[in-house]
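Asks: Questions regarding the structure given below will be posed in turn.
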Amino acid sequence: MAATSVLRHKHVRIDQSKLDRARKVLEASTDTEALDRALTLVVTEAEIDATLRSVGGKGRLKKVFR
């Protein structure tokens with residue numbers, strides 16, 4: 001995913017307590033950093049999910065730990 005980043009100012013209404021909790025969980029120092037990390041996490045998880053669905057049942061799992 002080699003997309004060029006474009007930063008834009010956005011004005012949104014958001015639940016501050018939810019944002020505060022996200023900042024803590026994501027160990028972000030600012031609201032902007034928390035939102036950026038959260039969006040990155042969502043996009044990454046969606047890509048992983050799409051890949052797993054596309055291989056669904058075609059591969060084999062190998063037990064590595066006993």
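If you're wondering about the labels, chains in the structure tokens are A, B, ... by order shown, residues count from 1 in each chain, ligands from 1 in order shown.
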As a ChimeraX atom specification, please: the residues near region 30-37 of chain A (cut-off 12 Å, only C-alpha atoms, same-chain neighbours under 4 positions excluded).

Replies: /A:5,7-12,14-26,41-44

Asks: Based on the backbone DSSP call, show me all residues of region 8-46 of chain A assigned alpha helix (DSSP H), as a VMD selection string.

Replies: chain A and resid 16 to 26 31 to 46
